[in-house]
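Shown next: target22.pdb, given as PDB, C-alpha atoms.
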```pdb
ATOM      1  CA  MET A   1     -14.242 -28.523  -4.096
ATOM      2  CA  HIS A   2     -10.472 -28.266  -3.604
ATOM      3  CA  ILE A   3      -8.957 -24.855  -2.806
ATOM      4  CA  TYR A   4      -7.383 -24.851  -6.280
ATOM      5  CA  ASP A   5     -10.868 -25.034  -7.824
ATOM      6  CA  TYR A   6     -12.130 -22.063  -5.810
ATOM      7  CA  LEU A   7      -9.067 -20.010  -6.725
ATOM      8  CA  ASN A   8      -9.229 -21.000 -10.373
ATOM      9  CA  THR A   9     -12.877 -19.925 -10.555
ATOM     10  CA  TYR A  10     -12.176 -16.651  -8.739
ATOM     11  CA  TYR A  11      -9.178 -15.568 -10.787
ATOM     12  CA  THR A  12     -10.796 -16.609 -14.056
ATOM     13  CA  THR A  13     -13.639 -14.171 -13.386
ATOM     14  CA  HIS A  14     -11.922 -11.475 -11.253
ATOM     15  CA  ASP A  15      -9.740  -8.833 -12.941
ATOM     16  CA  GLU A  16      -6.889  -8.343 -10.469
ATOM     17  CA  GLN A  17      -4.941  -6.329 -13.029
ATOM     18  CA  ALA A  18      -7.783  -3.816 -13.171
ATOM     19  CA  ARG A  19      -8.097  -3.628  -9.359
ATOM     20  CA  LEU A  20      -4.551  -2.332  -9.021
ATOM     21  CA  GLY A  21      -5.193   0.044 -11.911
ATOM     22  CA  PHE A  22      -7.965   1.998 -10.159
ATOM     23  CA  ARG A  23      -6.692   5.032  -8.282
ATOM     24  CA  HIS A  24      -7.610   3.466  -4.929
ATOM     25  CA  GLY A  25      -5.862   0.222  -5.955
ATOM     26  CA  SER A  26      -2.827   2.127  -7.169
ATOM     27  CA  VAL A  27      -2.000   3.139  -3.577
ATOM     28  CA  GLU A  28      -1.243  -0.487  -2.688
ATOM     29  CA  PHE A  29       0.779  -0.892  -5.892
ATOM     30  CA  LEU A  30       2.734   2.364  -5.494
ATOM     31  CA  THR A  31       3.489   1.617  -1.843
ATOM     32  CA  THR A  32       4.774  -1.876  -2.594
ATOM     33  CA  VAL A  33       6.944  -0.649  -5.481
ATOM     34  CA  ARG A  34       8.275   2.208  -3.349
ATOM     35  CA  TYR A  35       9.573  -0.234  -0.733
ATOM     36  CA  VAL A  36      10.913  -2.777  -3.232
ATOM     37  CA  ASP A  37      12.823   0.038  -4.953
ATOM     38  CA  ARG A  38      14.652   0.752  -1.692
ATOM     39  CA  TYR A  39      16.319  -2.648  -1.813
ATOM     40  CA  LEU A  40      16.939  -3.081  -5.525
ATOM     41  CA  THR A  41      20.546  -2.947  -6.693
ATOM     42  CA  PRO A  42      21.903  -2.970 -10.263
ATOM     43  CA  GLY A  43      21.617  -6.441 -11.743
ATOM     44  CA  ALA A  44      19.349  -7.729  -8.960
ATOM     45  CA  ARG A  45      17.465 -10.947  -9.656
ATOM     46  CA  ILE A  46      13.810 -10.970  -8.626
ATOM     47  CA  CYS A  47      11.490 -13.889  -7.928
ATOM     48  CA  GLU A  48       7.751 -13.356  -7.690
ATOM     49  CA  ILE A  49       5.835 -16.243  -6.111
ATOM     50  CA  GLY A  50       2.099 -16.121  -6.791
ATOM     51  CA  ALA A  51       2.558 -13.527  -9.521
ATOM     52  CA  GLY A  52      -1.065 -13.424 -10.653
ATOM     53  CA  THR A  53      -1.280 -11.713 -14.029
ATOM     54  CA  GLY A  54       2.149 -10.160 -13.565
ATOM     55  CA  ARG A  55       1.541  -6.529 -12.636
ATOM     56  CA  TYR A  56       4.652  -6.449 -10.440
ATOM     57  CA  SER A  57       6.755  -8.863 -12.479
ATOM     58  CA  HIS A  58       6.242  -6.878 -15.667
ATOM     59  CA  HIS A  59       6.825  -3.574 -13.883
ATOM     60  CA  PHE A  60      10.265  -4.633 -12.696
ATOM     61  CA  ALA A  61      11.149  -6.475 -15.911
ATOM     62  CA  GLN A  62      10.356  -3.306 -17.864
ATOM     63  CA  LYS A  63      12.800  -1.470 -15.610
ATOM     64  CA  GLY A  64      15.519  -3.869 -16.739
ATOM     65  CA  TYR A  65      15.544  -6.441 -13.941
ATOM     66  CA  SER A  66      15.558 -10.197 -14.474
ATOM     67  CA  VAL A  67      12.349 -11.695 -13.055
ATOM     68  CA  ASP A  68      11.352 -15.323 -12.590
ATOM     69  CA  ALA A  69       7.665 -15.698 -11.726
ATOM     70  CA  VAL A  70       5.671 -18.604 -10.328
ATOM     71  CA  GLU A  71       1.865 -18.750 -10.547
ATOM     72  CA  LEU A  72      -0.633 -21.470  -9.650
ATOM     73  CA  ILE A  73      -3.617 -20.551 -11.855
ATOM     74  CA  PRO A  74      -3.390 -21.306 -15.611
ATOM     75  CA  HIS A  75      -5.677 -18.389 -16.555
ATOM     76  CA  ASN A  76      -3.376 -15.952 -14.780
ATOM     77  CA  ILE A  77      -0.368 -17.411 -16.597
ATOM     78  CA  GLU A  78      -2.130 -16.905 -19.938
ATOM     79  CA  VAL A  79      -2.814 -13.260 -19.114
ATOM     80  CA  PHE A  80       0.731 -12.856 -17.774
ATOM     81  CA  ASN A  81       2.197 -14.109 -21.058
ATOM     82  CA  SER A  82      -0.135 -11.937 -23.132
ATOM     83  CA  LEU A  83       1.147  -8.854 -21.305
ATOM     84  CA  THR A  84       4.840  -9.629 -21.768
ATOM     85  CA  GLN A  85       6.563  -6.980 -23.859
ATOM     86  CA  ALA A  86       9.511  -7.431 -26.184
ATOM     87  CA  GLY A  87      12.808  -7.198 -24.343
ATOM     88  CA  GLU A  88      11.496  -8.157 -20.902
ATOM     89  CA  ALA A  89      13.791 -10.579 -19.071
ATOM     90  CA  VAL A  90      10.874 -12.393 -17.474
ATOM     91  CA  THR A  91       9.830 -16.022 -17.161
ATOM     92  CA  VAL A  92       6.714 -17.578 -15.656
ATOM     93  CA  ARG A  93       5.943 -21.171 -14.775
ATOM     94  CA  GLN A  94       3.195 -22.950 -12.901
ATOM     95  CA  GLY A  95       3.926 -23.833  -9.307
ATOM     96  CA  ASP A  96       2.672 -23.918  -5.734
ATOM     97  CA  ALA A  97       4.170 -21.477  -3.212
ATOM     98  CA  ARG A  98       4.441 -24.278  -0.650
ATOM     99  CA  ASP A  99       6.768 -26.387  -2.801
ATOM    100  CA  LEU A 100       9.309 -24.692  -5.066
ATOM    101  CA  ALA A 101      11.594 -27.698  -5.393
ATOM    102  CA  PHE A 102      12.364 -26.707  -8.998
ATOM    103  CA  MET A 103      14.057 -23.517  -7.732
ATOM    104  CA  ALA A 104      17.588 -23.500  -6.305
ATOM    105  CA  ASP A 105      18.564 -22.269  -2.848
ATOM    106  CA  ASN A 106      19.964 -18.739  -2.425
ATOM    107  CA  SER A 107      19.120 -17.641  -5.971
ATOM    108  CA  TYR A 108      17.376 -14.262  -5.738
ATOM    109  CA  ASP A 109      18.140 -10.823  -4.345
ATOM    110  CA  ILE A 110      14.460  -9.920  -3.992
ATOM    111  CA  THR A 111      11.574 -12.348  -3.460
ATOM    112  CA  LEU A 112       7.968 -11.164  -3.732
ATOM    113  CA  LEU A 113       5.284 -13.208  -1.979
ATOM    114  CA  LEU A 114       2.403 -10.863  -2.689
ATOM    115  CA  GLY A 115      -0.501 -13.271  -3.137
ATOM    116  CA  PRO A 116      -0.050 -16.735  -1.616
ATOM    117  CA  MET A 117      -0.538 -15.698   2.021
ATOM    118  CA  TYR A 118      -4.024 -14.494   1.052
ATOM    119  CA  HIS A 119      -5.085 -18.047   0.252
ATOM    120  CA  LEU A 120      -3.383 -20.324   2.785
ATOM    121  CA  TYR A 121      -5.644 -21.178   5.713
ATOM    122  CA  ILE A 122      -3.543 -23.191   8.142
ATOM    123  CA  GLN A 123      -0.340 -22.097   9.789
ATOM    124  CA  ALA A 124       1.615 -25.128   8.538
ATOM    125  CA  ASP A 125       0.950 -24.103   4.918
ATOM    126  CA  GLN A 126       1.653 -20.450   5.657
ATOM    127  CA  ARG A 127       5.007 -21.417   7.180
ATOM    128  CA  LYS A 128       5.816 -23.614   4.173
ATOM    129  CA  ALA A 129       5.270 -20.696   1.814
ATOM    130  CA  LEU A 130       7.388 -18.357   3.906
ATOM    131  CA  THR A 131      10.117 -20.978   4.331
ATOM    132  CA  GLU A 132      10.249 -21.615   0.575
ATOM    133  CA  ALA A 133      10.429 -17.878  -0.147
ATOM    134  CA  ILE A 134      13.293 -17.549   2.316
ATOM    135  CA  ARG A 135      15.073 -20.607   0.924
ATOM    136  CA  VAL A 136      15.236 -19.310  -2.658
ATOM    137  CA  THR A 137      16.407 -15.860  -1.494
ATOM    138  CA  ARG A 138      20.131 -15.272  -1.199
ATOM    139  CA  ARG A 139      21.624 -14.530   2.212
ATOM    140  CA  GLY A 140      21.154 -10.835   2.844
ATOM    141  CA  GLY A 141      18.351 -10.662   0.287
ATOM    142  CA  VAL A 142      14.893  -9.285   1.036
ATOM    143  CA  ILE A 143      11.497 -11.003   1.097
ATOM    144  CA  PHE A 144       8.234  -9.066   0.726
ATOM    145  CA  ALA A 145       5.168 -10.926   2.070
ATOM    146  CA  ALA A 146       1.671  -9.456   1.719
ATOM    147  CA  TYR A 147      -1.347 -10.160   3.936
ATOM    148  CA  CYS A 148      -5.084  -9.386   4.065
ATOM    149  CA  MET A 149      -6.033  -7.986   7.447
ATOM    150  CA  ASN A 150      -8.877  -9.067   9.695
ATOM    151  CA  ASP A 151     -10.262  -5.853  11.113
ATOM    152  CA  ALA A 152     -10.472  -3.881   7.890
ATOM    153  CA  THR A 153     -12.525  -6.768   6.547
ATOM    154  CA  VAL A 154     -14.835  -6.684   9.593
ATOM    155  CA  VAL A 155     -15.490  -2.955   9.172
ATOM    156  CA  ASP A 156     -15.753  -2.943   5.394
ATOM    157  CA  PHE A 157     -17.350  -6.250   4.477
ATOM    158  CA  LEU A 158     -19.370  -7.204   7.543
ATOM    159  CA  PHE A 159     -20.677  -3.751   8.407
ATOM    160  CA  ALA A 160     -20.305  -1.306   5.494
ATOM    161  CA  ARG A 161     -21.484  -3.976   3.022
ATOM    162  CA  GLU A 162     -23.861  -5.632   5.522
ATOM    163  CA  GLY A 163     -22.283  -9.072   5.289
ATOM    164  CA  ILE A 164     -23.061  -9.371   8.987
ATOM    165  CA  LYS A 165     -26.678 -10.168   7.998
ATOM    166  CA  ASP A 166     -25.626 -13.266   6.042
ATOM    167  CA  PRO A 167     -25.701 -16.455   8.188
ATOM    168  CA  HIS A 168     -22.773 -17.921   6.256
ATOM    169  CA  TYR A 169     -20.490 -15.030   7.143
ATOM    170  CA  ARG A 170     -21.829 -14.700  10.690
ATOM    171  CA  ALA A 171     -20.695 -18.292  11.240
ATOM    172  CA  LEU A 172     -17.116 -17.236  10.471
ATOM    173  CA  VAL A 173     -16.964 -14.557  13.177
ATOM    174  CA  ASP A 174     -16.032 -14.951  16.834
ATOM    175  CA  PHE A 175     -18.344 -12.299  18.283
ATOM    176  CA  ASP A 176     -16.302 -11.946  21.460
ATOM    177  CA  THR A 177     -13.141 -10.878  19.599
ATOM    178  CA  PHE A 178     -14.427 -10.238  16.053
ATOM    179  CA  LYS A 179     -11.676 -12.443  14.702
ATOM    180  CA  CYS A 180     -12.768 -14.029  11.432
ATOM    181  CA  SER A 181     -11.952 -17.523  10.290
ATOM    182  CA  SER A 182     -11.840 -18.491   6.623
ATOM    183  CA  ASN A 183     -12.567 -21.559   4.572
ATOM    184  CA  PRO A 184     -11.350 -22.230   1.019
ATOM    185  CA  GLU A 185     -14.712 -21.210  -0.414
ATOM    186  CA  ASP A 186     -14.309 -17.823   1.291
ATOM    187  CA  LEU A 187     -11.015 -17.401  -0.584
ATOM    188  CA  PHE A 188      -9.150 -15.013   1.716
ATOM    189  CA  ALA A 189      -7.237 -15.800   4.897
ATOM    190  CA  LEU A 190      -7.398 -12.886   7.326
ATOM    191  CA  TYR A 191      -4.685 -11.909   9.782
ATOM    192  CA  ARG A 192      -3.995  -9.686  12.735
ATOM    193  CA  THR A 193      -0.534  -8.301  13.358
ATOM    194  CA  GLU A 194       0.083 -10.621  16.314
ATOM    195  CA  GLU A 195      -0.639 -13.623  14.095
ATOM    196  CA  ILE A 196       1.878 -12.443  11.507
ATOM    197  CA  ASN A 197       4.428 -11.893  14.266
ATOM    198  CA  ALA A 198       3.881 -15.451  15.493
ATOM    199  CA  LEU A 199       4.133 -16.803  11.954
ATOM    200  CA  VAL A 200       7.636 -15.428  11.357
ATOM    201  CA  GLN A 201       8.884 -16.252  14.858
ATOM    202  CA  GLY A 202      12.024 -18.401  14.682
ATOM    203  CA  LEU A 203      12.561 -18.034  10.939
ATOM    204  CA  PRO A 204      16.048 -16.948   9.776
ATOM    205  CA  ILE A 205      14.989 -13.382   9.011
ATOM    206  CA  THR A 206      15.136  -9.860  10.406
ATOM    207  CA  ARG A 207      12.122  -7.598   9.964
ATOM    208  CA  LEU A 208      12.972  -4.355   8.179
ATOM    209  CA  HIS A 209       9.489  -2.826   7.883
ATOM    210  CA  PHE A 210       5.864  -3.691   8.520
ATOM    211  CA  VAL A 211       3.774  -1.522   6.214
ATOM    212  CA  GLY A 212       0.099  -0.802   5.652
ATOM    213  CA  THR A 213      -0.025  -0.677   1.875
ATOM    214  CA  ASP A 214      -3.426   0.992   1.611
ATOM    215  CA  MET A 215      -4.177   2.226   5.171
ATOM    216  CA  ALA A 216      -7.254   4.506   5.028
ATOM    217  CA  THR A 217      -7.584   4.230   1.245
ATOM    218  CA  ASN A 218     -10.078   1.394   0.914
ATOM    219  CA  TYR A 219     -12.363   2.893   3.557
ATOM    220  CA  MET A 220     -13.018   5.807   1.187
ATOM    221  CA  ARG A 221     -12.635   4.397  -2.319
ATOM    222  CA  PRO A 222     -15.082   6.848  -4.004
ATOM    223  CA  VAL A 223     -13.309   9.823  -2.428
ATOM    224  CA  ILE A 224      -9.876   8.598  -3.541
ATOM    225  CA  ASN A 225     -11.066   7.823  -7.068
ATOM    226  CA  ALA A 226     -12.614  11.308  -7.401
ATOM    227  CA  MET A 227      -9.517  13.234  -6.229
ATOM    228  CA  ASP A 228      -7.785  15.550  -8.670
ATOM    229  CA  ASP A 229      -4.101  14.915  -9.281
ATOM    230  CA  ASP A 230      -2.835  17.536  -6.827
ATOM    231  CA  THR A 231      -5.042  16.294  -3.990
ATOM    232  CA  PHE A 232      -4.096  12.682  -4.694
ATOM    233  CA  ALA A 233      -0.410  13.629  -4.579
ATOM    234  CA  GLU A 234      -0.964  15.209  -1.151
ATOM    235  CA  TYR A 235      -2.883  12.136  -0.024
ATOM    236  CA  LEU A 236       0.037   9.924  -1.050
ATOM    237  CA  ARG A 237       2.391  12.138   0.995
ATOM    238  CA  TYR A 238       0.154  11.594   4.015
ATOM    239  CA  HIS A 239      -0.133   7.865   3.332
ATOM    240  CA  PHE A 240       3.638   7.377   3.045
ATOM    241  CA  ALA A 241       4.149   9.389   6.233
ATOM    242  CA  VAL A 242       1.917   7.086   8.305
ATOM    243  CA  CYS A 243       2.059   3.693   6.602
ATOM    244  CA  GLU A 244       4.496   2.263   9.175
ATOM    245  CA  ARG A 245       2.740   3.737  12.222
ATOM    246  CA  ALA A 246       2.352   0.819  14.634
ATOM    247  CA  ASP A 247      -0.844   2.315  16.065
ATOM    248  CA  LEU A 248      -2.488   2.417  12.615
ATOM    249  CA  VAL A 249      -1.086  -0.335  10.429
ATOM    250  CA  GLY A 250      -3.320  -3.130  11.739
ATOM    251  CA  ALA A 251      -6.373  -1.303  10.397
ATOM    252  CA  SER A 252      -5.051  -1.406   6.823
ATOM    253  CA  HIS A 253      -6.803  -3.744   4.391
ATOM    254  CA  HIS A 254      -3.428  -5.018   3.134
ATOM    255  CA  THR A 255      -0.047  -5.121   4.810
ATOM    256  CA  LEU A 256       3.484  -5.870   3.652
ATOM    257  CA  ASP A 257       6.015  -7.603   5.879
ATOM    258  CA  ILE A 258       9.539  -6.828   4.665
ATOM    259  CA  LEU A 259      12.155  -9.312   5.871
ATOM    260  CA  ARG A 260      15.884  -9.642   5.339
ATOM    261  CA  LYS A 261      17.286 -13.178   5.160
ATOM    262  CA  GLU A 262      20.039 -13.629   7.687
ATOM    263  CA  GLU A 263      23.614 -13.686   6.380
TER     264      GLU A 263
END
```

Write-out of the structure in structure tokens:
Amino acid sequence: MHIYDYLNTYYTTHDEQARLGFRHGSVEFLTTVRYVDRYLTPGARICEIGAGTGRYSHHFAQKGYSVDAVELIPHNIEVFNSLTQAGEAVTVRQGDARDLAFMADNSYDITLLLGPMYHLYIQADQRKALTEAIRVTRRGGVIFAAYCMNDATVVDFLFAREGIKDPHYRALVDFDTFKCSSNPEDLFALYRTEEINALVQGLPITRLHFVGTDMATNYMRPVINAMDDDTFAEYLRYHFAVCERADLVGASHHTLDILRKEE
């Protein structure tokens, strides 16, 4: 099977919209929105590459921003369109993050790349996606690139969920370093911070923030989901206080690299 087929099957059966709607999933969403809001200006144009079902695109369109979205999977585009509300200045079209030839250079103030890096397995493709995101962003604009992290996956999936007992998954682990490799059928590319640093090396960007968007959250999903509103508010205060801590961020399940395109 081609990677497109694996992704199409996954996103046709997996409810990503619902994942971000759970309280534990909302931490990732709220953190990402909090950082995007820092760099939004009146009249800003937003591009979301790999928009999925449009949770972020619709959020910002409903706040009055103009959003152009690109998504690979037809099912996600159908759901995206079904969720569009009257008055939203939002478009969506099918496209591949590695080749956005239909989009002009220097067009957007904010570019969101919140899904494609999860599903690109070789550095050449990862660089293509980043380069395209940078190309369509105006000089001085900001790119937000999200990643799935290696070591949270080792702790959570291999040990907490006992994936380590499955020969298929054992074959993906280097047991000297516990670095995981991924194949298309495994769906998610996994990163360590040093790999992300190497990936952006030499690109025409300046890093503004490197953020753990869920940090401890996904290690204790039932606890987070059971919190009352006051406790959850305090937890968010803690999370926002530590989500850029260099000694902690690599243990997050998801990270967000926030990059300014050079003038």

Taking the file as I've supplied it (selection: the PyMOL selection byres ((chain A and resi 49) around 12)), which residues are included? Please answer as a PyMOL selection string. chain A and resi 46-48+50-54+56-57+67-73+91-100+103+108+110-117+129-130+132-134+136-137+143-146

Residues of the last selection are to be written out with C-alpha atoms, as an mmCIF file, keeping the file's coordinate frame.
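Here's the written file result06.cif:
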```cif
data_model
loop_
_atom_site.group_PDB
_atom_site.id
_atom_site.type_symbol
_atom_site.label_atom_id
_atom_site.label_comp_id
_atom_site.auth_asym_id
_atom_site.auth_seq_id
_atom_site.Cartn_x
_atom_site.Cartn_y
_atom_site.Cartn_z
ATOM 1 C CA ILE A 46 13.810 -10.970 -8.626
ATOM 2 C CA CYS A 47 11.490 -13.889 -7.928
ATOM 3 C CA GLU A 48 7.751 -13.356 -7.690
ATOM 4 C CA GLY A 50 2.099 -16.121 -6.791
ATOM 5 C CA ALA A 51 2.558 -13.527 -9.521
ATOM 6 C CA GLY A 52 -1.065 -13.424 -10.653
ATOM 7 C CA THR A 53 -1.280 -11.713 -14.029
ATOM 8 C CA GLY A 54 2.149 -10.160 -13.565
ATOM 9 C CA TYR A 56 4.652 -6.449 -10.440
ATOM 10 C CA SER A 57 6.755 -8.863 -12.479
ATOM 11 C CA VAL A 67 12.349 -11.695 -13.055
ATOM 12 C CA ASP A 68 11.352 -15.323 -12.590
ATOM 13 C CA ALA A 69 7.665 -15.698 -11.726
ATOM 14 C CA VAL A 70 5.671 -18.604 -10.328
ATOM 15 C CA GLU A 71 1.865 -18.750 -10.547
ATOM 16 C CA LEU A 72 -0.633 -21.470 -9.650
ATOM 17 C CA ILE A 73 -3.617 -20.551 -11.855
ATOM 18 C CA THR A 91 9.830 -16.022 -17.161
ATOM 19 C CA VAL A 92 6.714 -17.578 -15.656
ATOM 20 C CA ARG A 93 5.943 -21.171 -14.775
ATOM 21 C CA GLN A 94 3.195 -22.950 -12.901
ATOM 22 C CA GLY A 95 3.926 -23.833 -9.307
ATOM 23 C CA ASP A 96 2.672 -23.918 -5.734
ATOM 24 C CA ALA A 97 4.170 -21.477 -3.212
ATOM 25 C CA ARG A 98 4.441 -24.278 -0.650
ATOM 26 C CA ASP A 99 6.768 -26.387 -2.801
ATOM 27 C CA LEU A 100 9.309 -24.692 -5.066
ATOM 28 C CA MET A 103 14.057 -23.517 -7.732
ATOM 29 C CA TYR A 108 17.376 -14.262 -5.738
ATOM 30 C CA ILE A 110 14.460 -9.920 -3.992
ATOM 31 C CA THR A 111 11.574 -12.348 -3.460
ATOM 32 C CA LEU A 112 7.968 -11.164 -3.732
ATOM 33 C CA LEU A 113 5.284 -13.208 -1.979
ATOM 34 C CA LEU A 114 2.403 -10.863 -2.689
ATOM 35 C CA GLY A 115 -0.501 -13.271 -3.137
ATOM 36 C CA PRO A 116 -0.050 -16.735 -1.616
ATOM 37 C CA MET A 117 -0.538 -15.698 2.021
ATOM 38 C CA ALA A 129 5.270 -20.696 1.814
ATOM 39 C CA LEU A 130 7.388 -18.357 3.906
ATOM 40 C CA GLU A 132 10.249 -21.615 0.575
ATOM 41 C CA ALA A 133 10.429 -17.878 -0.147
ATOM 42 C CA ILE A 134 13.293 -17.549 2.316
ATOM 43 C CA VAL A 136 15.236 -19.310 -2.658
ATOM 44 C CA THR A 137 16.407 -15.860 -1.494
ATOM 45 C CA ILE A 143 11.497 -11.003 1.097
ATOM 46 C CA PHE A 144 8.234 -9.066 0.726
ATOM 47 C CA ALA A 145 5.168 -10.926 2.070
ATOM 48 C CA ALA A 146 1.671 -9.456 1.719
#
```

For the point (-7.9, -4.5, 3.1) in the file's frame, write as a PDB file with C-alpha atoms, in the frame of the given file all residues with an atom no more than 12 Å away, counting only C-alpha atoms.
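Wrote it out as part17.pdb, contents follow:
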```pdb
ATOM      1  CA  HIS A  24      -7.610   3.466  -4.929  1.00  0.00           C
ATOM      2  CA  GLY A  25      -5.862   0.222  -5.955  1.00  0.00           C
ATOM      3  CA  VAL A  27      -2.000   3.139  -3.577  1.00  0.00           C
ATOM      4  CA  GLU A  28      -1.243  -0.487  -2.688  1.00  0.00           C
ATOM      5  CA  TYR A 118      -4.024 -14.494   1.052  1.00  0.00           C
ATOM      6  CA  ALA A 146       1.671  -9.456   1.719  1.00  0.00           C
ATOM      7  CA  TYR A 147      -1.347 -10.160   3.936  1.00  0.00           C
ATOM      8  CA  CYS A 148      -5.084  -9.386   4.065  1.00  0.00           C
ATOM      9  CA  MET A 149      -6.033  -7.986   7.447  1.00  0.00           C
ATOM     10  CA  ASN A 150      -8.877  -9.067   9.695  1.00  0.00           C
ATOM     11  CA  ASP A 151     -10.262  -5.853  11.113  1.00  0.00           C
ATOM     12  CA  ALA A 152     -10.472  -3.881   7.890  1.00  0.00           C
ATOM     13  CA  THR A 153     -12.525  -6.768   6.547  1.00  0.00           C
ATOM     14  CA  VAL A 154     -14.835  -6.684   9.593  1.00  0.00           C
ATOM     15  CA  VAL A 155     -15.490  -2.955   9.172  1.00  0.00           C
ATOM     16  CA  ASP A 156     -15.753  -2.943   5.394  1.00  0.00           C
ATOM     17  CA  PHE A 157     -17.350  -6.250   4.477  1.00  0.00           C
ATOM     18  CA  PHE A 188      -9.150 -15.013   1.716  1.00  0.00           C
ATOM     19  CA  ALA A 189      -7.237 -15.800   4.897  1.00  0.00           C
ATOM     20  CA  LEU A 190      -7.398 -12.886   7.326  1.00  0.00           C
ATOM     21  CA  TYR A 191      -4.685 -11.909   9.782  1.00  0.00           C
ATOM     22  CA  ARG A 192      -3.995  -9.686  12.735  1.00  0.00           C
ATOM     23  CA  GLY A 212       0.099  -0.802   5.652  1.00  0.00           C
ATOM     24  CA  THR A 213      -0.025  -0.677   1.875  1.00  0.00           C
ATOM     25  CA  ASP A 214      -3.426   0.992   1.611  1.00  0.00           C
ATOM     26  CA  MET A 215      -4.177   2.226   5.171  1.00  0.00           C
ATOM     27  CA  ALA A 216      -7.254   4.506   5.028  1.00  0.00           C
ATOM     28  CA  THR A 217      -7.584   4.230   1.245  1.00  0.00           C
ATOM     29  CA  ASN A 218     -10.078   1.394   0.914  1.00  0.00           C
ATOM     30  CA  TYR A 219     -12.363   2.893   3.557  1.00  0.00           C
ATOM     31  CA  MET A 220     -13.018   5.807   1.187  1.00  0.00           C
ATOM     32  CA  ARG A 221     -12.635   4.397  -2.319  1.00  0.00           C
ATOM     33  CA  VAL A 249      -1.086  -0.335  10.429  1.00  0.00           C
ATOM     34  CA  GLY A 250      -3.320  -3.130  11.739  1.00  0.00           C
ATOM     35  CA  ALA A 251      -6.373  -1.303  10.397  1.00  0.00           C
ATOM     36  CA  SER A 252      -5.051  -1.406   6.823  1.00  0.00           C
ATOM     37  CA  HIS A 253      -6.803  -3.744   4.391  1.00  0.00           C
ATOM     38  CA  HIS A 254      -3.428  -5.018   3.134  1.00  0.00           C
ATOM     39  CA  THR A 255      -0.047  -5.121   4.810  1.00  0.00           C
ATOM     40  CA  LEU A 256       3.484  -5.870   3.652  1.00  0.00           C
TER      41      LEU A 256
END
```

Excluding Ala61 of chain A and any residue of its chain fewer than 3 positions from it, enumerate the residues within 6 Å of it, using all atoms listed in the file, and give them as number ranges by chain. A: 58, 64-66, 88-89

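For the choices A:Ala233, A:His59, A:Val211, A:Ser182, the atom-to-atom distance to Arg245 of chain A is smallest for A:Val211 when using all atoms listed in the file.
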
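Across the structure, atom CA of Gln126 of chain A and atom CA of Glu195 of chain A are spaced 11.1 Å apart.
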
Please measure the separation of atom CA of Leu30 of chain A and atom CA of Phe159 of chain A, giving the value in Å to one decimal. 27.9 Å
